[in-house]
Every structure is written in C-alpha cells, then in structure tokens.
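Each remark here refers to the structure printed beneath this line.
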Amino acid sequence: MKSAVIVFPGSNCDRDLAVGLERASGKAAQMVWHKEAALPEGLDVVALPGGFSFGDYLRCGAIAARMPIMKAVVDFANKGGHVIGVCNGFQVLIESGLLPGALMRNSGIKFVCKDVELVTATANSPFTNTLQKGQRLTVPVAHHDGNYIADSDLLFKLQSEDRIAFRYANNPNGSVDDIAGILSENRRVLGMMPHPERLNDPALGGNDGSHIFESLVKGLMAPA
Amino acid sequence: MKARVDITLKNGVLDPQGKAIEHALGALGFGGINGVRQGKVIELDLAETDPAKAEATLKEMCEKLLANTVIENYSIEVLG
C-alpha cells in the first residue's frame with residue numbers, strides 16, 4: 001500500500017499519521033508539502049492530518065483546502081483514490097467539497113481533548129472492514145470545531161446510504177446523530193474527528209486506532 | 001476601491017458563540033435579549049475602479065473562499 005501524508009503549515013499529527021500508515025502497511029508514507037501541485041505517482045492512499053492548518057484562520061481547514069495540492073487530492077479522490085482526513089484533515093475534506101455538511105464550533109464552546117468511545121456504524125468501508133458493526137473503539141478527540149451538522153435531507157442520505165462510519169457513544173461536541181466520521185458516496189473517502197493515529201501503540205495506552213489503518217491495508221490488498 | 005463583506009450564519013444553524021455572548025450579556029445584567037448571532041466582517045482594498053466589476057469579483061471571492069455557503073450567508077458592500 002503506497003500512501004502519502006499531506007503537510008500544511010500548522011499540521012501537527014502528520015508524523016503520527018505516517019507512523020500509523022507505515023506500521024500497518026510496512027511501507028513508509030511519503031510526506032507531501034501543500035505547495036506541490038501533484039501527488040507522487042502510484043499512490044493508493046492520501047491522508048490529511050490533524051492540526052491547525054493556517055492557524056484555523058477564516059474557518060478551520062478553509063485555507064488549506066484551497067492550496068495547490070488539494071486540487072490534486074480532489075482529482076485523486078474523483079478517480080477512485082482512497083483518502084482519509086482526521087480532525088483538521090476532516091475539516092479540510094469538507095472545505096474542499098469531498099465530503100458534505102459542515103463542522104461547527106463545539107456545542108459546549110470548549111476545546112474538547114479526551115479519549116472517547118466510538119461505535120463502529122458500518123463495517124462496509126475500506127476503513128472499517130476489520131471491525132464489526134457496533135464494535136466499540138477508544139480513540140482520542142482534540143478539537144474545537146467538531147460539531148458536525150447536516151440538514152435533514154443530507155442526514156437522511158448519509159443514514160440511508162450507510163455512510164456514517166463512526167458515532168460517539170457519548171457525544172462530546174453536539175454533532176447531529178452523534179456523528180464522528182462519514183464516508184463519501186463511493187465509500188473511499190473517510191473524514192473523522194477522532195484521532196486513530198494517536199492511540200496506535202500499547203505503550204501509549206492502547207492501539208484501537210490501528211484497526212483503521214489495518215482495514216485500509218486489508219481493503220487494498222483484496223482483489224478488485 | 002474599498003469594500004466590505006459581512007458573513008453571517010444562516011438561520012437555523014446553531015451558533016454556540018452567539019449563545020455564549022447572550023449568556024454573558026445576561027450575566028452582566030442586560031435583559032430583554034431575544035437572540036445573539038456572531039458573524040464576521042472582512043474589509044478589502046481593491047485596485048479595481050469599476051464598482052460593478054468589483055462586486056462581481058467579490059461575489060466570486062465569497063463563493064470560492066470567504067464564506068462557507070453550506071452554513072453562511074454573505075453580503076457585499078462596495079464602498080467606493
């Protein structure tokens with residue numbers, strides 16, 4: 001599995017994300033600076049990391065989503081490439097139009113930084129295929145703007161197309177329908193607020209996050 | 001030519017920051033507040049001298065970057 005992690009000024013989970021991808025696939029992820037206009041050849045997965053790209057100015061992820069590399073990422077996704085965006089990466093995916101809805105200020109106003117329990121809402125995706133529907137994972141969240149909103153039509157669409165990947169067991173930010181992560185229409189783009197790359201080593205207190213990277217490897221190794 | 005763009009949350013979109021301001025005003029003793037919404041103002045200084053062209057460019061700027069039209073409305077004022 002060949003992967004790349006996009007690095008923006010203010011990204012701070014890029015290296016952890018690269019470690020997660022490398023541990024699961026056995027192949028080092030390539031780090032790609034946001035000013036590049038093209039992705040490396042032959043990629044299977046592009047990952048957008050957490051952090052505070054461009055200082056969260058204007059709107060979280062808004063400026064990053066307009067950087068040159070994102071045109072290439074959107075093209076990659078539109079051609080069927082796999083893309084995962086975590087936290088700020090999820091915000092960038094939404095701002096770039098690869099995922100629908102919006103992420104607003106947490107309903108409790110405060111920055112939320114803690115381990116949360118996630119419930120796997122679907123096993124039918126390249127990111128969750130080693131999990132069972134209903135399986136619970138402990139993964140940290142650390143965000144100020146993770147309150148996912150969708151109007152009733154979009155919410156119905158996400159629900160009826162089985163595109164909600166994860167829900168919070170105890171909603172920390174006010175997200176509609178407890179949504180923690182969603183999939184694109186072709187199921188190959190995942191955006192999620194919780195950080196699987198931050199709980200990916202027993203030495204750090206757990207490795208529930210590794211399921212997502214292992215699912216990707218499994219999904220991509222499977223015959224088409 | 002100077003211009004001003006006001007960006008506000010659409011009706012129905014929960015505004016936790018507006019709510020916090022409302023509560024804080026209440027705590028200061030200001031009564032009778034039926035609602036508070038927080039938005040942002042962006043002031044631009046443009047080289048363009050034709051107001052109609054400036055407005056068209058500003059609209060494009062709003063659609064492409066300045067506003068998230070999923071949740072936000074914008075209004076443009078060309079100040080001359």
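Here, A, B, ... name the chains of the structure tokens in the order displayed, residue numbers run from 1 inside each chain, and ligands are numbered from 1 in the same displayed order.
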
Practice task
Just the residues within 8 Å of stretch 65-68 of chain A, please, counting only C-alpha atoms, with nothing from its chain fewer than 5 positions along; format it as an MDAnalysis selection string.
Solution key: (chainID A and resid 34:37 92:93 95:96) or (chainID B and resid 65)

Would you write out those residues with C-alpha atoms, as a tab-separated table (two decimals), in the first residue's frame?
chain	number	residue	atom	x	y	z
A	34	HIS	CA	0.93	21.56	0.41
A	35	LYS	CA	2.58	23.74	-2.22
A	36	GLU	CA	3.20	20.78	-4.52
A	37	ALA	CA	0.83	20.75	-7.46
A	92	VAL	CA	-10.16	20.22	5.00
A	93	LEU	CA	-12.12	17.43	3.24
A	95	GLU	CA	-14.00	22.61	2.84
A	96	SER	CA	-12.70	21.05	-0.37
B	65	LEU	CA	-13.34	31.15	-0.13

Using only C-alpha atoms, what does the table of chain A residues within 8 Å of chain B look like, with each row giving the shortest atom pair and its distance in Å to one decimal, sorted by chain and ascending number, as a tab-separated table?
residue	atom	partner	partner_atom	distance
A:Leu58	CA	B:Leu66	CA	7.4
A:Ala62	CA	B:Leu65	CA	7.1
A:Ile63	CA	B:Leu65	CA	7.7
A:Arg66	CA	B:Leu65	CA	7.9
A:Glu95	CA	B:Asn68	CA	7.8
A:Gly101	CA	B:Val70	CA	7.0
A:Ala102	CA	B:Val70	CA	7.0
A:Arg105	CA	B:Pro16	CA	6.6
A:Asn106	CA	B:Pro16	CA	7.2
A:Ser107	CA	B:Pro16	CA	5.5
A:Gly108	CA	B:Pro16	CA	7.1
A:Ile109	CA	B:Pro16	CA	6.1

Output for the residues just chosen: N, CA, C and O atoms as a PDB file, in the first residue's frame:
ATOM      1  N   LEU A  58      -9.895  32.189   9.162  1.00  0.00           N
ATOM      2  CA  LEU A  58     -11.123  32.253   8.368  1.00  0.00           C
ATOM      3  C   LEU A  58     -12.117  31.191   8.815  1.00  0.00           C
ATOM      4  O   LEU A  58     -13.108  31.519   9.433  1.00  0.00           O
ATOM      5  N   ALA A  62     -10.254  25.934   5.830  1.00  0.00           N
ATOM      6  CA  ALA A  62     -10.696  26.665   4.635  1.00  0.00           C
ATOM      7  C   ALA A  62      -9.523  27.028   3.734  1.00  0.00           C
ATOM      8  O   ALA A  62      -9.605  26.907   2.514  1.00  0.00           O
ATOM      9  N   ILE A  63      -8.447  27.476   4.338  1.00  0.00           N
ATOM     10  CA  ILE A  63      -7.313  27.936   3.517  1.00  0.00           C
ATOM     11  C   ILE A  63      -6.561  26.730   2.970  1.00  0.00           C
ATOM     12  O   ILE A  63      -6.203  26.682   1.787  1.00  0.00           O
ATOM     13  N   ARG A  66      -7.758  25.229  -0.210  1.00  0.00           N
ATOM     14  CA  ARG A  66      -7.531  25.966  -1.463  1.00  0.00           C
ATOM     15  C   ARG A  66      -6.062  25.952  -1.883  1.00  0.00           C
ATOM     16  O   ARG A  66      -5.682  26.682  -2.782  1.00  0.00           O
ATOM     17  N   GLU A  95     -14.209  21.327   3.522  1.00  0.00           N
ATOM     18  CA  GLU A  95     -13.998  22.615   2.844  1.00  0.00           C
ATOM     19  C   GLU A  95     -13.663  22.418   1.363  1.00  0.00           C
ATOM     20  O   GLU A  95     -13.921  23.288   0.553  1.00  0.00           O
ATOM     21  N   GLY A 101     -21.702  18.556   4.243  1.00  0.00           N
ATOM     22  CA  GLY A 101     -22.023  19.016   5.590  1.00  0.00           C
ATOM     23  C   GLY A 101     -21.087  20.119   6.025  1.00  0.00           C
ATOM     24  O   GLY A 101     -20.439  20.769   5.202  1.00  0.00           O
ATOM     25  N   ALA A 102     -21.012  20.318   7.339  1.00  0.00           N
ATOM     26  CA  ALA A 102     -20.117  21.342   7.875  1.00  0.00           C
ATOM     27  C   ALA A 102     -19.723  20.962   9.290  1.00  0.00           C
ATOM     28  O   ALA A 102     -20.438  20.215   9.970  1.00  0.00           O
ATOM     29  N   ARG A 105     -18.320  25.104  15.531  1.00  0.00           N
ATOM     30  CA  ARG A 105     -17.833  25.180  16.913  1.00  0.00           C
ATOM     31  C   ARG A 105     -18.583  24.154  17.782  1.00  0.00           C
ATOM     32  O   ARG A 105     -19.786  23.959  17.633  1.00  0.00           O
ATOM     33  N   ASN A 106     -17.838  23.476  18.687  1.00  0.00           N
ATOM     34  CA  ASN A 106     -18.459  22.508  19.595  1.00  0.00           C
ATOM     35  C   ASN A 106     -19.626  23.163  20.330  1.00  0.00           C
ATOM     36  O   ASN A 106     -19.528  24.324  20.735  1.00  0.00           O
ATOM     37  N   SER A 107     -20.685  22.394  20.550  1.00  0.00           N
ATOM     38  CA  SER A 107     -21.874  22.992  21.170  1.00  0.00           C
ATOM     39  C   SER A 107     -21.567  23.490  22.577  1.00  0.00           C
ATOM     40  O   SER A 107     -22.196  24.413  23.058  1.00  0.00           O
ATOM     41  N   GLY A 108     -20.594  22.870  23.249  1.00  0.00           N
ATOM     42  CA  GLY A 108     -20.241  23.311  24.598  1.00  0.00           C
ATOM     43  C   GLY A 108     -19.207  24.423  24.602  1.00  0.00           C
ATOM     44  O   GLY A 108     -18.688  24.782  25.663  1.00  0.00           O
ATOM     45  N   ILE A 109     -18.876  24.962  23.430  1.00  0.00           N
ATOM     46  CA  ILE A 109     -17.950  26.080  23.230  1.00  0.00           C
ATOM     47  C   ILE A 109     -16.491  25.696  23.476  1.00  0.00           C
ATOM     48  O   ILE A 109     -15.586  26.234  22.845  1.00  0.00           O
TER      49      ILE A 109
END

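The residues of chain B that DSSP classifies as helix (DSSP H, G or I), using the backbone of this structure, are Pro16, Gln17, Gly18, Lys19, Ala20, Ile21, Glu22, His23, Ala24, Leu25, Gly26, Ala27, Pro51, Ala52, Lys53, Ala54, Glu55, Ala56, Thr57, Leu58, Lys59, Glu60, Met61, Cys62, Glu63, Lys64, Leu65 and Leu66 of chain B.
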
Problem - Residue contacts of stretch 137-141 of chain A (9 Å, only C-alpha atoms) excluding same-chain residues fewer than 4 positions away, as a PyMOL selection string - result: chain A and resi 87+112-120+172+193-199+206-209

Writer output for current selection, C-alpha atoms, as a PDB file, in the first residue's frame:
ATOM      1  CA  CYS A  87      -9.668  16.096  12.647  1.00  0.00           C
ATOM      2  CA  VAL A 112     -12.523  19.035  23.885  1.00  0.00           C
ATOM      3  CA  CYS A 113      -9.420  16.904  24.443  1.00  0.00           C
ATOM      4  CA  LYS A 114     -10.007  13.415  25.840  1.00  0.00           C
ATOM      5  CA  ASP A 115     -10.380   9.757  24.974  1.00  0.00           C
ATOM      6  CA  VAL A 116     -13.863   8.982  23.685  1.00  0.00           C
ATOM      7  CA  GLU A 117     -15.685   5.764  22.922  1.00  0.00           C
ATOM      8  CA  LEU A 118     -16.627   5.311  19.296  1.00  0.00           C
ATOM      9  CA  VAL A 119     -19.216   2.918  17.943  1.00  0.00           C
ATOM     10  CA  THR A 120     -18.483   1.474  14.522  1.00  0.00           C
ATOM     11  CA  PRO A 172     -18.696  15.389  23.126  1.00  0.00           C
ATOM     12  CA  MET A 193     -12.792  13.979  14.079  1.00  0.00           C
ATOM     13  CA  PRO A 194     -11.238  11.406  16.485  1.00  0.00           C
ATOM     14  CA  HIS A 195      -7.545  10.622  16.074  1.00  0.00           C
ATOM     15  CA  PRO A 196      -6.845   6.918  15.383  1.00  0.00           C
ATOM     16  CA  GLU A 197      -3.156   7.741  14.893  1.00  0.00           C
ATOM     17  CA  ARG A 198      -2.907   8.946  18.482  1.00  0.00           C
ATOM     18  CA  LEU A 199      -3.865   5.623  20.019  1.00  0.00           C
ATOM     19  CA  GLY A 206      -3.948   1.399  23.549  1.00  0.00           C
ATOM     20  CA  ASN A 207      -3.989   0.563  19.896  1.00  0.00           C
ATOM     21  CA  ASP A 208      -7.650   0.730  18.927  1.00  0.00           C
ATOM     22  CA  GLY A 209      -6.715   3.270  16.269  1.00  0.00           C
TER      23      GLY A 209
END

Exercise for the section: Would you list the contacts of A:Leu220 as an MDAnalysis selection string, taking every protein, DNA or RNA residue within 12 Å and counting only C-alpha atoms, but skipping same-chain residues closer than 4 positions in sequence? Expected result: chainID A and resid 1:3 24:25 43:45 81:82 125:127 129 188 213:216 224

Export of prior selection with N, CA and C atoms as an mmCIF file, in the first residue's frame:
data_model
loop_
_atom_site.group_PDB
_atom_site.id
_atom_site.type_symbol
_atom_site.label_atom_id
_atom_site.label_comp_id
_atom_site.auth_asym_id
_atom_site.auth_seq_id
_atom_site.Cartn_x
_atom_site.Cartn_y
_atom_site.Cartn_z
ATOM 1 N N MET A 1 0.847 -1.189 0.000
ATOM 2 C CA MET A 1 0.000 0.000 0.000
ATOM 3 C C MET A 1 0.886 1.243 0.000
ATOM 4 N N LYS A 2 0.768 2.047 -1.034
ATOM 5 C CA LYS A 2 1.567 3.277 -1.115
ATOM 6 C C LYS A 2 0.741 4.451 -0.627
ATOM 7 N N SER A 3 1.281 5.157 0.351
ATOM 8 C CA SER A 3 0.494 6.248 0.930
ATOM 9 C C SER A 3 1.299 7.533 1.001
ATOM 10 N N ALA A 24 0.995 -0.343 9.595
ATOM 11 C CA ALA A 24 0.009 -1.264 9.038
ATOM 12 C C ALA A 24 0.468 -1.837 7.699
ATOM 13 N N SER A 25 1.150 -1.024 6.915
ATOM 14 C CA SER A 25 1.456 -1.449 5.545
ATOM 15 C C SER A 25 2.889 -1.940 5.375
ATOM 16 N N LEU A 43 -0.014 6.250 -5.995
ATOM 17 C CA LEU A 43 -0.483 6.196 -4.610
ATOM 18 C C LEU A 43 -1.774 5.396 -4.486
ATOM 19 N N ASP A 44 -1.918 4.714 -3.334
ATOM 20 C CA ASP A 44 -3.193 4.066 -3.012
ATOM 21 C C ASP A 44 -4.011 4.928 -2.054
ATOM 22 N N VAL A 45 -3.304 5.602 -1.145
ATOM 23 C CA VAL A 45 -3.997 6.342 -0.085
ATOM 24 C C VAL A 45 -3.355 7.717 0.108
ATOM 25 N N GLY A 81 -9.449 7.189 -5.842
ATOM 26 C CA GLY A 81 -8.401 7.020 -4.835
ATOM 27 C C GLY A 81 -8.967 7.053 -3.418
ATOM 28 N N HIS A 82 -8.252 6.433 -2.492
ATOM 29 C CA HIS A 82 -8.678 6.426 -1.093
ATOM 30 C C HIS A 82 -8.078 7.617 -0.359
ATOM 31 N N SER A 125 -16.737 -0.551 4.564
ATOM 32 C CA SER A 125 -15.905 0.515 4.006
ATOM 33 C C SER A 125 -14.464 0.049 4.056
ATOM 34 N N PRO A 126 -13.618 0.634 3.206
ATOM 35 C CA PRO A 126 -12.210 0.231 3.220
ATOM 36 C C PRO A 126 -11.499 0.629 4.512
ATOM 37 N N PHE A 127 -12.154 1.438 5.341
ATOM 38 C CA PHE A 127 -11.518 1.906 6.572
ATOM 39 C C PHE A 127 -11.996 1.139 7.798
ATOM 40 N N ASN A 129 -13.262 -2.356 7.516
ATOM 41 C CA ASN A 129 -13.590 -3.742 7.161
ATOM 42 C C ASN A 129 -13.003 -4.795 8.107
ATOM 43 N N ARG A 188 -14.870 5.701 -0.413
ATOM 44 C CA ARG A 188 -13.413 5.680 -0.408
ATOM 45 C C ARG A 188 -12.785 6.917 0.223
ATOM 46 N N PHE A 213 -6.138 1.688 10.074
ATOM 47 C CA PHE A 213 -5.022 1.529 9.134
ATOM 48 C C PHE A 213 -4.952 0.096 8.619
ATOM 49 N N GLU A 214 -5.223 -0.866 9.516
ATOM 50 C CA GLU A 214 -5.194 -2.266 9.084
ATOM 51 C C GLU A 214 -6.328 -2.572 8.106
ATOM 52 N N SER A 215 -7.465 -1.934 8.326
ATOM 53 C CA SER A 215 -8.584 -2.126 7.384
ATOM 54 C C SER A 215 -8.192 -1.642 5.996
ATOM 55 N N LEU A 216 -7.538 -0.492 5.960
ATOM 56 C CA LEU A 216 -7.110 0.065 4.672
ATOM 57 C C LEU A 216 -6.187 -0.902 3.946
ATOM 58 N N ALA A 224 -9.641 -6.803 -6.687
ATOM 59 C CA ALA A 224 -10.691 -5.841 -7.036
ATOM 60 C C ALA A 224 -11.941 -6.551 -7.551
#

Handout entry: strand (DSSP E) call set, DSSP backbone run, stretch 10-138 of chain A, as a PyMOL selection string
Key = chain A and resi 30-33+45-48+82-86+102-104+112-120+136-138

File dump, residues just selected, N, CA, C and O atoms, as a short mmCIF file (atom, residue, chain, number, x, y, z; two decimals), in the first residue's frame:
data_model
loop_
_atom_site.label_atom_id
_atom_site.label_comp_id
_atom_site.auth_asym_id
_atom_site.auth_seq_id
_atom_site.Cartn_x
_atom_site.Cartn_y
_atom_site.Cartn_z
N GLN A 30 4.88 8.74 2.16
CA GLN A 30 5.62 9.90 1.65
C GLN A 30 4.98 11.17 2.20
O GLN A 30 3.76 11.29 2.25
N MET A 31 5.82 12.11 2.60
CA MET A 31 5.30 13.37 3.11
C MET A 31 5.27 14.36 1.95
O MET A 31 6.26 14.54 1.24
N VAL A 32 4.12 14.99 1.75
CA VAL A 32 3.96 15.88 0.59
C VAL A 32 3.58 17.28 1.08
O VAL A 32 2.58 17.45 1.78
N TRP A 33 4.38 18.25 0.73
CA TRP A 33 4.15 19.65 1.14
C TRP A 33 2.98 20.24 0.35
O TRP A 33 2.80 19.94 -0.83
N VAL A 45 -3.30 5.60 -1.15
CA VAL A 45 -4.00 6.34 -0.08
C VAL A 45 -3.35 7.72 0.11
O VAL A 45 -2.12 7.82 0.14
N VAL A 46 -4.20 8.72 0.26
CA VAL A 46 -3.73 10.05 0.67
C VAL A 46 -4.35 10.35 2.03
O VAL A 46 -5.54 10.12 2.24
N ALA A 47 -3.52 10.82 2.96
CA ALA A 47 -4.00 11.12 4.30
C ALA A 47 -3.82 12.60 4.60
O ALA A 47 -2.77 13.17 4.34
N LEU A 48 -4.88 13.20 5.15
CA LEU A 48 -4.82 14.61 5.56
C LEU A 48 -4.79 14.63 7.09
O LEU A 48 -5.71 14.13 7.74
N HIS A 82 -8.25 6.43 -2.49
CA HIS A 82 -8.68 6.43 -1.09
C HIS A 82 -8.08 7.62 -0.36
O HIS A 82 -6.88 7.87 -0.47
N VAL A 83 -8.92 8.31 0.40
CA VAL A 83 -8.46 9.48 1.15
C VAL A 83 -9.01 9.39 2.57
O VAL A 83 -10.19 9.12 2.76
N ILE A 84 -8.12 9.61 3.54
CA ILE A 84 -8.58 9.70 4.93
C ILE A 84 -8.18 11.05 5.48
O ILE A 84 -7.05 11.50 5.29
N GLY A 85 -9.12 11.72 6.14
CA GLY A 85 -8.83 13.00 6.78
C GLY A 85 -9.22 12.90 8.24
O GLY A 85 -10.33 12.52 8.56
N VAL A 86 -8.28 13.25 9.10
CA VAL A 86 -8.51 13.15 10.54
C VAL A 86 -8.52 14.55 11.14
O VAL A 86 -7.60 15.33 10.88
N ALA A 102 -21.01 20.32 7.34
CA ALA A 102 -20.12 21.34 7.87
C ALA A 102 -19.72 20.96 9.29
O ALA A 102 -20.44 20.21 9.97
N LEU A 103 -18.57 21.46 9.72
CA LEU A 103 -18.12 21.24 11.10
C LEU A 103 -18.09 22.59 11.79
O LEU A 103 -17.39 23.50 11.37
N MET A 104 -18.90 22.71 12.83
CA MET A 104 -19.06 23.99 13.53
C MET A 104 -18.38 23.93 14.88
O MET A 104 -17.97 22.88 15.35
N VAL A 112 -12.37 20.32 23.21
CA VAL A 112 -12.52 19.03 23.89
C VAL A 112 -11.32 18.17 23.58
O VAL A 112 -11.00 17.93 22.42
N CYS A 113 -10.62 17.72 24.61
CA CYS A 113 -9.42 16.90 24.44
C CYS A 113 -9.49 15.75 25.42
O CYS A 113 -9.25 15.92 26.60
N LYS A 114 -9.89 14.57 24.95
CA LYS A 114 -10.01 13.42 25.84
C LYS A 114 -10.20 12.15 25.00
O LYS A 114 -10.49 12.23 23.80
N ASP A 115 -10.05 11.01 25.65
CA ASP A 115 -10.38 9.76 24.97
C ASP A 115 -11.91 9.63 24.92
O ASP A 115 -12.58 9.93 25.90
N VAL A 116 -12.42 9.21 23.78
CA VAL A 116 -13.86 8.98 23.68
C VAL A 116 -14.10 7.57 23.17
O VAL A 116 -13.22 6.96 22.56
N GLU A 117 -15.31 7.08 23.43
CA GLU A 117 -15.68 5.76 22.92
C GLU A 117 -16.43 5.96 21.61
O GLU A 117 -17.37 6.76 21.53
N LEU A 118 -15.96 5.26 20.59
CA LEU A 118 -16.63 5.31 19.30
C LEU A 118 -17.37 4.02 19.06
O LEU A 118 -16.92 2.94 19.48
N VAL A 119 -18.48 4.11 18.36
CA VAL A 119 -19.22 2.92 17.94
C VAL A 119 -19.10 2.82 16.42
O VAL A 119 -19.42 3.77 15.71
N THR A 120 -18.60 1.69 15.96
CA THR A 120 -18.48 1.47 14.52
C THR A 120 -19.89 1.40 13.94
O THR A 120 -20.68 0.55 14.33
N ARG A 136 -16.90 -1.30 19.58
CA ARG A 136 -16.51 -0.05 20.23
C ARG A 136 -15.00 0.12 20.25
O ARG A 136 -14.28 -0.85 20.46
N LEU A 137 -14.57 1.33 20.01
CA LEU A 137 -13.15 1.66 20.00
C LEU A 137 -12.94 2.86 20.92
O LEU A 137 -13.79 3.73 20.99
N THR A 138 -11.78 2.88 21.56
CA THR A 138 -11.42 4.08 22.32
C THR A 138 -10.39 4.85 21.52
O THR A 138 -9.34 4.31 21.16
#
